[in-house]
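Trainee: Structure: entry05.cif, mmCIF, C-alpha atoms.
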```cif
data_final
loop_
_atom_site.label_atom_id
_atom_site.label_comp_id
_atom_site.auth_asym_id
_atom_site.auth_seq_id
_atom_site.Cartn_x
_atom_site.Cartn_y
_atom_site.Cartn_z
CA MET O 1 -13.85 -135.46 29.39
CA SER O 2 -14.90 -134.44 32.89
CA THR O 3 -16.32 -131.04 33.81
CA VAL O 4 -14.75 -128.92 36.54
CA TYR O 5 -16.91 -126.06 37.81
CA PHE O 6 -15.07 -122.96 39.00
CA VAL O 7 -15.71 -119.76 40.92
CA ALA O 8 -12.70 -117.44 40.82
CA ILE O 9 -11.97 -115.68 44.14
CA ASP O 10 -8.58 -114.03 44.54
CA SER O 11 -8.54 -113.65 48.32
CA TYR O 12 -9.16 -116.00 51.24
CA ASN O 13 -10.43 -112.96 53.15
CA GLU O 14 -13.60 -112.90 51.02
CA THR O 15 -15.45 -115.21 53.40
CA ARG O 16 -18.95 -114.42 52.19
CA GLU O 17 -17.91 -114.97 48.59
CA ILE O 18 -16.38 -118.32 49.52
CA GLN O 19 -19.53 -119.35 51.37
CA ARG O 20 -21.66 -118.30 48.41
CA ALA O 21 -19.37 -120.11 45.96
CA GLY O 22 -19.57 -123.39 47.85
CA LYS O 23 -23.35 -123.38 47.86
CA GLN O 24 -23.54 -122.27 44.24
CA LEU O 25 -21.12 -124.90 43.04
CA LEU O 26 -22.92 -127.70 44.87
CA SER O 27 -26.25 -126.57 43.45
CA THR O 28 -24.79 -126.32 39.95
CA ILE O 29 -23.12 -129.72 39.97
CA VAL O 30 -26.28 -131.43 41.23
CA GLU O 31 -28.27 -129.82 38.43
CA LYS O 32 -25.77 -130.15 35.58
CA GLU O 33 -24.72 -133.71 36.39
CA SER O 34 -28.30 -134.85 37.18
CA LEU O 35 -26.96 -135.99 40.52
CA GLN O 36 -29.22 -137.37 43.21
CA LEU O 37 -28.04 -136.64 46.75
CA GLY O 38 -29.06 -139.13 49.40
CA ALA O 39 -30.82 -138.51 52.68
CA TYR O 40 -27.46 -138.43 54.49
CA VAL O 41 -24.30 -137.06 52.91
CA PRO O 42 -21.37 -136.47 55.29
CA MET O 43 -18.64 -133.95 54.48
CA LYS O 44 -15.10 -135.32 54.51
CA VAL O 45 -13.03 -132.40 55.84
CA HIS O 46 -9.78 -131.57 57.61
CA PHE O 47 -9.96 -129.70 60.93
CA GLY O 48 -6.38 -128.38 60.82
CA GLU O 49 -3.61 -129.29 63.23
CA GLN O 50 -3.18 -127.36 66.45
CA GLY O 51 -0.89 -124.42 65.72
CA ASN O 52 -1.72 -124.36 62.02
CA ILE O 53 -3.39 -121.13 60.88
CA THR O 54 -3.77 -121.69 57.13
CA PHE O 55 -6.28 -124.56 57.11
CA ILE O 56 -9.70 -123.73 55.67
CA GLY O 57 -11.67 -122.22 58.54
CA ALA O 58 -15.03 -123.66 59.57
CA GLU O 59 -16.97 -120.54 58.52
CA ASN O 60 -16.11 -121.24 54.88
CA TYR O 61 -18.25 -124.39 54.97
CA ASP O 62 -21.40 -122.46 55.87
CA GLY O 63 -22.65 -122.34 52.28
CA LEU O 64 -22.39 -126.10 51.96
CA VAL O 65 -24.07 -126.61 55.33
CA SER O 66 -26.85 -124.24 54.27
CA TYR O 67 -27.45 -126.23 51.08
CA MET O 68 -27.79 -129.43 53.08
CA HIS O 69 -30.24 -127.81 55.49
CA ASP O 70 -32.27 -126.26 52.65
CA HIS O 71 -32.69 -129.69 51.02
CA ASN O 72 -33.29 -131.64 54.25
CA ILE O 73 -30.13 -133.67 53.80
CA GLY O 74 -28.51 -135.01 56.94
CA SER O 75 -24.78 -134.45 57.25
CA ALA O 76 -21.75 -134.46 59.54
CA PHE O 77 -18.13 -133.40 59.48
CA MET O 78 -16.19 -136.64 59.00
CA GLU O 79 -12.49 -137.30 59.54
CA THR O 80 -10.01 -139.98 60.57
CA ASN O 81 -7.30 -139.98 63.22
CA VAL O 82 -3.71 -139.17 62.36
CA LEU O 83 -0.78 -141.56 62.57
CA TYR O 84 1.55 -139.36 64.59
CA SER O 85 1.25 -138.19 68.18
CA GLY O 86 -0.60 -134.93 68.67
CA SER O 87 -3.98 -133.30 69.13
CA ARG O 88 -5.73 -135.49 66.54
CA MET O 89 -4.38 -138.88 67.63
CA THR O 90 -7.62 -140.18 69.22
CA ARG O 91 -11.30 -139.61 68.54
CA THR O 92 -11.75 -137.76 71.84
CA MET O 93 -8.83 -135.42 71.22
CA HIS O 94 -9.72 -134.98 67.54
CA ALA O 95 -13.33 -134.04 68.24
CA LYS O 96 -12.18 -131.58 70.89
CA LEU O 97 -9.84 -129.86 68.44
CA ALA O 98 -12.59 -129.71 65.81
CA GLN O 99 -14.77 -127.82 68.27
CA GLU O 100 -11.92 -125.50 69.23
CA HIS O 101 -11.41 -124.72 65.54
CA GLY O 102 -15.07 -123.82 65.12
CA PHE O 103 -16.48 -126.90 63.40
CA THR O 104 -19.74 -126.79 65.32
CA GLN O 105 -22.32 -126.44 62.53
CA LEU O 106 -22.66 -130.23 62.19
CA PRO O 107 -21.94 -133.32 64.31
CA VAL O 108 -18.34 -134.52 64.19
CA VAL O 109 -17.71 -138.16 63.27
CA ILE O 110 -14.23 -139.69 63.55
CA ALA O 111 -14.58 -142.52 61.08
CA ASP O 112 -11.93 -144.93 62.38
CA GLY O 113 -12.92 -144.95 66.04
CA GLU O 114 -11.20 -143.87 69.23
CA HIS O 115 -7.78 -145.25 68.39
CA GLY O 116 -7.82 -145.40 64.60
CA ASP O 117 -8.30 -149.16 64.40
CA ASP O 118 -11.95 -149.31 63.35
CA TYR O 119 -11.84 -150.00 59.61
CA VAL O 120 -13.08 -152.04 56.66
CA GLU O 121 -10.75 -153.86 54.27
CA VAL O 122 -11.77 -152.66 50.81
CA ALA O 123 -10.55 -154.94 48.02
CA ILE O 124 -9.03 -153.22 44.98
CA ASN O 125 -6.50 -155.79 43.62
CA GLN O 126 -4.03 -153.27 42.24
CA LYS O 127 -0.24 -153.21 41.86
CA ARG O 128 0.61 -151.88 45.33
CA PHE O 129 -2.32 -153.16 47.38
CA ASP O 130 -4.80 -156.00 47.19
CA SER O 131 -6.97 -154.27 49.77
CA CYS O 132 -6.97 -151.02 51.77
CA LYS O 133 -7.91 -150.19 55.36
CA ILE O 134 -10.59 -147.48 55.11
CA GLY O 135 -12.18 -145.89 58.18
CA LYS O 136 -15.36 -147.87 58.92
CA GLU O 137 -17.80 -144.95 58.91
CA ILE O 138 -16.41 -143.79 55.56
CA ALA O 139 -16.40 -147.26 54.00
CA ASN O 140 -20.05 -147.69 54.97
CA GLN O 141 -21.20 -144.50 53.23
CA GLN O 142 -22.92 -144.52 49.84
CA GLN O 143 -22.03 -140.91 49.11
CA MET O 144 -19.83 -138.15 50.49
CA LEU O 145 -19.10 -134.51 49.86
CA VAL O 146 -15.30 -134.56 49.83
CA VAL O 147 -14.16 -131.03 50.67
CA SER O 148 -10.43 -130.42 50.42
CA HIS O 149 -7.96 -127.63 50.98
CA PHE O 150 -5.76 -127.64 47.89
CA LYS O 151 -2.15 -126.81 48.81
CA GLY O 152 1.31 -128.37 48.85
CA HIS O 153 2.51 -131.49 50.64
CA GLY O 154 6.02 -132.43 51.70
CA LEU O 155 5.91 -135.98 50.30
CA ALA O 156 3.08 -135.99 47.77
CA GLY O 157 3.93 -132.64 46.17
CA PHE O 158 0.35 -131.44 46.39
CA GLY O 159 -2.68 -132.24 48.48
CA GLY O 160 -6.23 -131.99 47.18
CA ALA O 161 -9.12 -134.34 46.50
CA LEU O 162 -6.89 -137.38 45.94
CA LYS O 163 -4.99 -136.90 49.18
CA GLN O 164 -8.25 -136.26 51.05
CA LEU O 165 -9.45 -139.63 49.79
CA ALA O 166 -6.17 -141.47 50.32
CA MET O 167 -4.68 -140.34 53.63
CA GLY O 168 -7.84 -138.64 54.80
CA CYS O 169 -10.05 -141.72 54.57
CA ALA O 170 -7.51 -144.33 55.63
CA ALA O 171 -7.56 -145.76 59.15
CA ARG O 172 -4.27 -145.60 61.05
CA GLY O 173 -3.09 -148.92 59.61
CA GLY O 174 -3.82 -147.62 56.13
CA LYS O 175 -1.76 -144.52 56.75
CA LEU O 176 1.08 -146.77 57.90
CA ALA O 177 0.79 -148.84 54.74
CA GLN O 178 1.02 -145.79 52.49
CA HIS O 179 4.04 -144.42 54.36
CA ALA O 180 5.83 -147.75 54.72
CA ASN O 181 8.82 -147.01 52.47
CA SER O 182 9.22 -143.37 53.43
CA LYS O 183 12.13 -143.20 55.84
CA PRO O 184 13.40 -139.92 57.32
CA LEU O 185 17.02 -139.11 58.20
CA VAL O 186 18.61 -137.14 61.06
CA ASN O 187 21.11 -134.42 60.24
CA PRO O 188 23.54 -134.81 63.17
CA PHE O 189 24.97 -131.33 62.65
CA SER O 190 21.57 -129.71 63.24
CA CYS O 191 20.29 -132.07 65.96
CA SER O 192 20.31 -130.59 69.48
CA GLN O 193 19.57 -133.98 71.12
CA CYS O 194 16.45 -132.52 72.78
CA GLY O 195 14.50 -135.76 72.39
CA THR O 196 11.30 -134.16 71.09
CA CYS O 197 11.22 -136.43 68.06
CA ALA O 198 11.67 -139.59 70.14
CA LYS O 199 8.78 -138.60 72.42
CA HIS O 200 6.48 -138.26 69.41
CA CYS O 201 7.59 -141.40 67.57
CA PRO O 202 4.71 -143.94 67.60
CA VAL O 203 7.05 -146.94 67.26
CA GLN O 204 10.12 -145.83 69.30
CA ALA O 205 12.39 -145.91 66.26
CA ILE O 206 14.56 -142.93 67.27
CA SER O 207 17.69 -143.10 69.42
CA ILE O 208 18.99 -139.84 70.89
CA GLY O 209 22.68 -139.28 71.47
CA ARG O 210 25.78 -137.74 70.00
CA TRP O 211 24.81 -139.36 66.71
CA SER O 212 21.03 -139.49 66.93
CA HIS O 213 19.57 -141.84 64.38
CA ILE O 214 16.37 -143.49 63.17
CA ASP O 215 16.19 -147.27 62.93
CA LYS O 216 14.98 -147.84 59.38
CA LYS O 217 13.81 -151.36 60.21
CA VAL O 218 11.45 -150.03 62.89
CA CYS O 219 10.47 -146.67 61.33
CA VAL O 220 7.08 -146.58 59.62
CA GLY O 221 7.68 -143.26 57.87
CA CYS O 222 4.83 -141.39 59.53
CA ALA O 223 6.78 -138.10 59.46
CA ALA O 224 5.76 -137.09 62.99
CA CYS O 225 9.43 -136.47 63.81
CA ILE O 226 9.78 -134.00 60.96
CA ALA O 227 6.75 -132.06 62.12
CA VAL O 228 7.89 -131.69 65.74
CA CYS O 229 11.66 -131.18 65.42
CA PRO O 230 12.40 -127.63 66.64
CA LYS O 231 15.76 -127.56 64.81
CA LYS O 232 14.45 -128.93 61.48
CA ALA O 233 17.14 -131.59 61.80
CA ILE O 234 15.03 -134.41 60.37
CA LEU O 235 14.41 -134.69 56.66
CA PHE O 236 13.50 -137.16 53.98
CA ASN O 237 16.14 -138.36 51.54
CA PRO O 238 15.02 -136.62 48.32
CA LEU O 239 16.77 -139.25 46.20
CA LYS O 240 14.74 -142.10 47.67
CA VAL O 241 11.54 -140.73 49.16
CA SER O 242 10.47 -137.26 48.10
CA LEU O 243 7.74 -137.62 45.47
CA SER O 244 8.69 -141.27 44.98
CA LYS O 245 6.50 -143.03 42.45
CA THR O 246 5.84 -145.84 44.93
CA PHE O 247 4.40 -143.45 47.51
CA LEU O 248 2.32 -141.58 44.95
CA GLU O 249 0.94 -144.81 43.52
CA LYS O 250 0.06 -146.06 46.98
CA MET O 251 -1.89 -142.87 47.60
CA ALA O 252 -3.73 -143.20 44.29
CA GLU O 253 -4.72 -146.77 45.13
CA TYR O 254 -5.98 -145.75 48.57
CA ALA O 255 -7.97 -142.96 46.94
CA LEU O 256 -9.49 -145.56 44.62
CA ALA O 257 -10.49 -147.69 47.61
CA ALA O 258 -11.97 -144.76 49.54
CA GLN O 259 -14.35 -143.78 46.75
CA GLN O 260 -15.24 -147.29 45.63
CA GLY O 261 -18.99 -147.72 45.20
CA LYS O 262 -19.70 -144.08 46.04
CA GLN O 263 -21.20 -141.27 43.97
CA ASN O 264 -19.19 -138.47 45.54
CA VAL O 265 -19.03 -134.75 44.91
CA TYR O 266 -15.60 -133.15 45.25
CA ILE O 267 -14.94 -129.53 46.18
CA ASN O 268 -11.48 -127.94 46.44
CA PHE O 269 -10.77 -124.67 48.23
CA ALA O 270 -7.66 -123.31 46.49
CA PHE O 271 -6.59 -120.72 49.07
CA ASN O 272 -3.66 -120.37 51.47
CA LEU O 273 -1.42 -122.27 49.07
CA THR O 274 1.36 -123.32 51.41
CA LYS O 275 4.14 -125.80 50.63
CA GLY O 276 3.18 -127.93 53.63
CA CYS O 277 -0.15 -129.55 54.46
CA ASP O 278 -2.63 -128.68 57.21
CA CYS O 279 -1.16 -131.41 59.43
CA VAL O 280 1.87 -129.17 60.03
CA GLY O 281 1.26 -127.59 63.43
CA LYS O 282 2.94 -124.26 62.80
CA LYS O 283 2.52 -121.06 60.84
CA MET O 284 3.34 -121.26 57.14
CA LYS O 285 3.41 -118.65 54.41
CA PRO O 286 1.60 -119.17 51.09
CA VAL O 287 3.83 -119.73 48.07
CA ALA O 288 1.21 -118.73 45.50
CA GLY O 289 -1.81 -116.47 45.20
CA ASP O 290 -5.37 -117.56 46.00
CA VAL O 291 -7.36 -119.02 43.10
CA GLY O 292 -10.93 -119.81 44.15
CA VAL O 293 -13.32 -122.73 44.66
CA LEU O 294 -13.62 -125.66 42.26
CA ALA O 295 -15.95 -128.66 42.10
CA SER O 296 -16.35 -131.86 40.09
CA THR O 297 -17.54 -135.45 40.31
CA ASP O 298 -14.05 -136.46 39.09
CA PRO O 299 -11.27 -136.03 41.71
CA VAL O 300 -8.48 -136.47 39.16
CA ALA O 301 -9.80 -133.77 36.85
CA LEU O 302 -10.42 -131.51 39.84
CA ASP O 303 -6.86 -131.73 41.16
CA GLN O 304 -5.44 -131.34 37.65
CA ALA O 305 -7.50 -128.18 37.13
CA CYS O 306 -6.23 -126.72 40.42
CA LEU O 307 -2.62 -127.35 39.43
CA ASP O 308 -3.17 -125.82 36.00
CA LEU O 309 -4.83 -122.68 37.36
CA ILE O 310 -2.10 -122.17 39.97
CA ASP O 311 0.66 -122.68 37.38
CA LYS O 312 -1.04 -120.22 35.03
CA ARG O 313 -1.43 -117.62 37.76
CA GLU O 314 2.18 -117.90 38.92
CA GLY O 315 3.74 -118.41 35.48
CA LYS O 316 5.61 -121.52 36.64
CA ARG O 317 5.09 -124.99 38.05
CA VAL O 318 4.49 -124.53 41.79
CA PHE O 319 3.76 -128.04 43.09
CA GLY O 320 5.13 -131.45 42.11
CA GLY O 321 3.68 -134.94 42.47
CA ARG O 322 2.00 -135.09 39.06
CA HIS O 323 2.67 -138.83 38.73
CA MET O 324 -0.14 -139.45 41.20
CA LEU O 325 -2.58 -138.04 38.65
CA ASP O 326 -1.10 -140.15 35.85
CA TYR O 327 -1.39 -143.31 37.89
CA ALA O 328 -4.86 -142.46 39.24
CA GLU O 329 -6.05 -142.11 35.65
CA LYS O 330 -4.40 -145.42 34.72
CA ILE O 331 -6.26 -147.35 37.44
CA GLY O 332 -9.60 -145.80 36.52
CA LEU O 333 -10.08 -143.29 39.31
CA GLY O 334 -10.76 -140.43 36.89
CA GLN O 335 -9.29 -138.58 33.95
CA LYS O 336 -6.91 -135.65 33.66
CA ALA O 337 -8.65 -134.14 30.64
CA TYR O 338 -11.33 -131.68 31.71
CA SER O 339 -13.51 -128.81 30.62
CA LEU O 340 -13.42 -125.79 32.93
CA MET O 341 -16.83 -124.18 33.41
CA PRO O 342 -16.93 -120.83 35.26
CA VAL O 343 -20.00 -120.48 37.45
#
```
Written as structure tokens, how would this file's structure read?
Mentor:
Amino acid sequence: MSTVYFVAIDSYNETREIQRAGKQLLSTIVEKESLQLGAYVPMKVHFGEQGNITFIGAENYDGLVSYMHDHNIGSAFMETNVLYSGSRMTRTMHAKLAQEHGFTQLPVVIADGEHGDDYVEVAINQKRFDSCKIGKEIANQQQMLVVSHFKGHGLAGFGGALKQLAMGCAARGGKLAQHANSKPLVNPFSCSQCGTCAKHCPVQAISIGRWSHIDKKVCVGCAACIAVCPKKAILFNPLKVSLSKTFLEKMAEYALAAQQGKQNVYINFAFNLTKGCDCVGKKMKPVAGDVGVLASTDPVALDQACLDLIDKREGKRVFGGRHMLDYAEKIGLGQKAYSLMPV
């Protein structure tokens, strides 16, 4: 049974408490797990999409940065480029946005290069993939501090440590591979034929007209069209795509590849619990109350603990996608059983 360490904080506005909790949790997990941190341990983070206001702000990482400085451990904020068009599509644009969003405490490293095609094929030999395209700088690390914003996700149900490993560490080709069977639809009665979706489609799969449609043979399922449509006229078929076991299993396998050979520490910030992820470039309202900061060396146990605490707080199941945890456990990524240790 894995241990999940927990500091309860009921408001995202308690910045100093969040900073203190991050540092305290990292110190505790190093001590309790007899963990040796290397001379260089980058932080895998998410800088938030332009227009998003509920991502975890840079100031909340100060406790973790302070711990690294106190122990003479080199570090950097590490990310990969996104699949869709936008402010994080290239290394240059991505690094610029990171600075605009205040991530200046450490160097910024975009792990898959300028155009998202710098990667290492990591062999896993699982049901969905034989190998996975992981951003080169991430694949070459021996250890990472994987810091995630736990919240909802339109396709995966929830996003936490597993999603940060899977989508967050994949190069652009890896993101394509995970999304391959996820095909959106156009609601012709809502479509205004503005063409915004077509302009943002990376593979020109969208035709605009009286009956706008998406060519399923060309579409890679990146969901960029859904994010940019001003009329919310594009959606995923819930009978075929939403929370599909295939998609969730692909994510679990990519998470397995991303952490392969690494002795990682995982930290989840369970605040600003929106239905959508931080890649959504617009304002979103939380659907559940803030919970706190959690840490573990087991990403499966960590995400399971977050879901359990949120469900307990709200008195109902808030986020779906639980099959990803079942499958992640099956392929040896971690275990769902955990012991919660308040710190």
Trainee: Find the residues around Ala98 in chain O up to 10 Å (only C-alpha atoms counted), leave out those fewer than 2 positions away in its own chain, and share them as a PyMOL selection string.
Mentor: chain O and resi 46-50+58+77+79+87-88+93-96+100-104+108
Trainee: What is the distance, in Å and to one decimal place, between CA of Leu333 in chain O and CA of Ile124 in chain O?
Mentor: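 It comes out at 11.5 Å.
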Trainee: Using only C-alpha atoms, what residues lie at most 9 Å away from (-3.3, -120.8, 40.6) (file coordinates), given as a PyMOL selection string?
Mentor: chain O and resi 270+273+288-292+306-314+318
Trainee: Can you tell me, as an mmCIF file with C-alpha atoms, in the frame of the given file, what residues are no more than 10 Å from Ser192 in chain O when counting all atoms listed in the file, ignoring any on the same chain fewer than 4 positions away?
Mentor:
```cif
data_model
loop_
_atom_site.group_PDB
_atom_site.id
_atom_site.type_symbol
_atom_site.label_atom_id
_atom_site.label_comp_id
_atom_site.auth_asym_id
_atom_site.auth_seq_id
_atom_site.Cartn_x
_atom_site.Cartn_y
_atom_site.Cartn_z
ATOM 1 C CA PRO O 188 23.540 -134.810 63.170
ATOM 2 C CA THR O 196 11.300 -134.160 71.090
ATOM 3 C CA ILE O 208 18.990 -139.840 70.890
ATOM 4 C CA GLY O 209 22.680 -139.280 71.470
ATOM 5 C CA ARG O 210 25.780 -137.740 70.000
ATOM 6 C CA SER O 212 21.030 -139.490 66.930
ATOM 7 C CA CYS O 229 11.660 -131.180 65.420
ATOM 8 C CA PRO O 230 12.400 -127.630 66.640
ATOM 9 C CA LYS O 231 15.760 -127.560 64.810
ATOM 10 C CA ALA O 233 17.140 -131.590 61.800
#
```
Trainee: When you count only C-alpha atoms, which of these residues is closest to Pro184 in chain O: O:Arg322, O:Lys217, O:Lys163, O:Lys285?
Mentor: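 With only C-alpha atoms as the atom set, the closest residue is O:Lys217.
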Trainee: Produce the centre coordinates and the three edge lengths, each in Å to one decimal, of the box along x, y and z that contains all listed atoms of range 108-127 of chain O with 8 Å added on each side, as JSON.
Mentor:
```
{"center_x": -9.3, "center_y": -145.2, "center_z": 55.5, "size_x": 34.1, "size_y": 37.3, "size_z": 43.4}
```
Trainee: Pick from O:Leu64, O:Leu302, O:Gln259, O:Lys316: nearest to Leu340 in chain O, with only C-alpha atoms counted?
Mentor: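 Of the candidates, the smallest distance to Leu340 in chain O is held by O:Leu302.
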Trainee: Using all atoms listed in the file, which protein or nucleic acid residues come within 7 Å of range 20-28 of chain O? Drop anything in the same chain fewer than 3 positions from it, and give the result as a VMD selection string.
Mentor: chain O and resid 5 7 16 to 17 31 to 32 63 to 64 67 293 295
Trainee: Kindly resolve the PyMOL selection byres ((chain O and resi 171) around 8) on the present coordinates and return the residues as a PyMOL selection string.
Mentor: chain O and resi 80-81+111-112+116-119+133-135+169-170+172-175
Trainee: Taking into account all atoms listed in the file, which residue in the set O:Cys277, O:Ala8, O:Leu165, O:Gln126 is nearest to Lys262 in chain O?
Mentor: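 Of the candidates, the smallest distance to Lys262 in chain O is held by O:Leu165.
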Trainee: Go through the shown structure with the PyMOL selection byres ((chain O and resi 328) around 9) and write out the matching residues as a ChimeraX atom specification.
Mentor: /O:162,249,251-253,255-256,300,323-327,329-335
Trainee: So how far away is CA of Lys275 in chain O from CA of Arg317 in chain O, in Å?
Mentor: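 That distance, rounded to one decimal, is 12.6 Å.
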Trainee: Please evaluate the PyMOL selection byres ((chain O and resi 282) around 8) against the displayed coordinates and give the resulting residues as number ranges by chain.
Mentor: O: 50-53, 280-281, 283-284
Trainee: Only C-alpha atoms, please: the residues just picked out, written as a JSON list (two decimals), keeping the file's coordinate frame.
Mentor:
```json
[["chain", "number", "residue", "atom", "x", "y", "z"],
["O", 50, "GLN", "CA", -3.18, -127.36, 66.45],
["O", 51, "GLY", "CA", -0.89, -124.42, 65.72],
["O", 52, "ASN", "CA", -1.72, -124.36, 62.02],
["O", 53, "ILE", "CA", -3.39, -121.13, 60.88],
["O", 280, "VAL", "CA", 1.87, -129.17, 60.03],
["O", 281, "GLY", "CA", 1.26, -127.59, 63.43],
["O", 283, "LYS", "CA", 2.52, -121.06, 60.84],
["O", 284, "MET", "CA", 3.34, -121.26, 57.14]]
```
Trainee: Pick the closest to Tyr266 in chain O from O:Val147, O:Pro202, O:Gln164, O:Phe129: which is it, counting all atoms listed in the file?
Mentor: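 With all atoms listed in the file as the atom set, the closest residue is O:Val147.
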Trainee: Within 12 Å of His71 in chain O, counting only C-alpha atoms, which residues show up once you throw out same-chain ones fewer than 2 positions away? Write them as a JSON list (two decimals) with C-alpha atoms, in the frame of the given file, please.
Mentor:
```json
[["chain", "number", "residue", "atom", "x", "y", "z"],
["O", 23, "LYS", "CA", -23.35, -123.38, 47.86],
["O", 26, "LEU", "CA", -22.92, -127.70, 44.87],
["O", 27, "SER", "CA", -26.25, -126.57, 43.45],
["O", 30, "VAL", "CA", -26.28, -131.43, 41.23],
["O", 36, "GLN", "CA", -29.22, -137.37, 43.21],
["O", 37, "LEU", "CA", -28.04, -136.64, 46.75],
["O", 38, "GLY", "CA", -29.06, -139.13, 49.40],
["O", 39, "ALA", "CA", -30.82, -138.51, 52.68],
["O", 40, "TYR", "CA", -27.46, -138.43, 54.49],
["O", 41, "VAL", "CA", -24.30, -137.06, 52.91],
["O", 64, "LEU", "CA", -22.39, -126.10, 51.96],
["O", 65, "VAL", "CA", -24.07, -126.61, 55.33],
["O", 66, "SER", "CA", -26.85, -124.24, 54.27],
["O", 67, "TYR", "CA", -27.45, -126.23, 51.08],
["O", 68, "MET", "CA", -27.79, -129.43, 53.08],
["O", 69, "HIS", "CA", -30.24, -127.81, 55.49],
["O", 73, "ILE", "CA", -30.13, -133.67, 53.80],
["O", 74, "GLY", "CA", -28.51, -135.01, 56.94],
["O", 75, "SER", "CA", -24.78, -134.45, 57.25]]
```
Trainee: If you measure from CA of Gln263 in chain O to CA of Pro42 in chain O, what distance in Å do you get, rounded to one decimal?
Mentor: 12.3 Å
Trainee: With a distance cut-off of 6 Å and only C-alpha atoms, select the neighbouring residues of Asn264 in chain O, excluding the residue or stretch itself and same-chain residues fewer than 5 positions from it, and output the selection as a tab-separated table (two decimals) with C-alpha atoms, in the coordinates of the input.
Mentor:
```
chain	number	residue	atom	x	y	z
O	143	GLN	CA	-22.03	-140.91	49.11
O	144	MET	CA	-19.83	-138.15	50.49
O	145	LEU	CA	-19.10	-134.51	49.86
```
Trainee: Quick test: take range 114-154 of chain O, keep C-alpha atoms, and write it as a PDB file, in the first residue's frame.
Mentor:
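Here's the written file selection23.pdb:
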```
ATOM      1  CA  GLU O 114      10.905  24.150 -31.028  1.00  0.00           C
ATOM      2  CA  HIS O 115       8.251  22.302 -32.989  1.00  0.00           C
ATOM      3  CA  GLY O 116       7.418  19.366 -30.742  1.00  0.00           C
ATOM      4  CA  ASP O 117       9.316  16.802 -32.793  1.00  0.00           C
ATOM      5  CA  ASP O 118      12.328  16.248 -30.535  1.00  0.00           C
ATOM      6  CA  TYR O 119      11.594  12.984 -28.741  1.00  0.00           C
ATOM      7  CA  VAL O 120      12.782   9.551 -27.651  1.00  0.00           C
ATOM      8  CA  GLU O 121      10.878   6.349 -28.437  1.00  0.00           C
ATOM      9  CA  VAL O 122      10.436   4.633 -25.072  1.00  0.00           C
ATOM     10  CA  ALA O 123       9.607   0.930 -25.384  1.00  0.00           C
ATOM     11  CA  ILE O 124       6.816  -0.363 -23.133  1.00  0.00           C
ATOM     12  CA  ASN O 125       5.299  -3.305 -25.119  1.00  0.00           C
ATOM     13  CA  GLN O 126       1.763  -2.909 -23.816  1.00  0.00           C
ATOM     14  CA  LYS O 127      -1.692  -3.509 -25.307  1.00  0.00           C
ATOM     15  CA  ARG O 128      -2.126  -0.107 -26.991  1.00  0.00           C
ATOM     16  CA  PHE O 129       1.482   0.860 -27.692  1.00  0.00           C
ATOM     17  CA  ASP O 130       4.775  -0.912 -28.232  1.00  0.00           C
ATOM     18  CA  SER O 131       6.614   2.359 -27.700  1.00  0.00           C
ATOM     19  CA  CYS O 132       5.789   5.983 -26.854  1.00  0.00           C
ATOM     20  CA  LYS O 133       7.159   9.308 -28.092  1.00  0.00           C
ATOM     21  CA  ILE O 134       8.354  11.137 -24.961  1.00  0.00           C
ATOM     22  CA  GLY O 135       9.870  14.630 -25.087  1.00  0.00           C
ATOM     23  CA  LYS O 136      13.646  14.182 -25.321  1.00  0.00           C
ATOM     24  CA  GLU O 137      14.607  16.309 -22.315  1.00  0.00           C
ATOM     25  CA  ILE O 138      12.091  14.422 -20.166  1.00  0.00           C
ATOM     26  CA  ALA O 139      13.105  10.979 -21.424  1.00  0.00           C
ATOM     27  CA  ASN O 140      16.730  11.771 -20.593  1.00  0.00           C
ATOM     28  CA  GLN O 141      16.019  12.656 -16.952  1.00  0.00           C
ATOM     29  CA  GLN O 142      16.696  10.259 -14.088  1.00  0.00           C
ATOM     30  CA  GLN O 143      14.271  11.991 -11.751  1.00  0.00           C
ATOM     31  CA  MET O 144      11.548  14.631 -11.867  1.00  0.00           C
ATOM     32  CA  LEU O 145       9.283  16.470  -9.503  1.00  0.00           C
ATOM     33  CA  VAL O 146       5.942  16.063 -11.283  1.00  0.00           C
ATOM     34  CA  VAL O 147       3.714  18.897 -10.083  1.00  0.00           C
ATOM     35  CA  SER O 148       0.123  18.772 -11.274  1.00  0.00           C
ATOM     36  CA  HIS O 149      -3.049  20.788 -10.996  1.00  0.00           C
ATOM     37  CA  PHE O 150      -5.735  18.266 -10.128  1.00  0.00           C
ATOM     38  CA  LYS O 151      -9.019  19.160 -11.852  1.00  0.00           C
ATOM     39  CA  GLY O 152     -11.427  17.856 -14.481  1.00  0.00           C
ATOM     40  CA  HIS O 153     -10.768  17.048 -18.126  1.00  0.00           C
ATOM     41  CA  GLY O 154     -13.210  16.897 -21.017  1.00  0.00           C
TER      42      GLY O 154
END
```
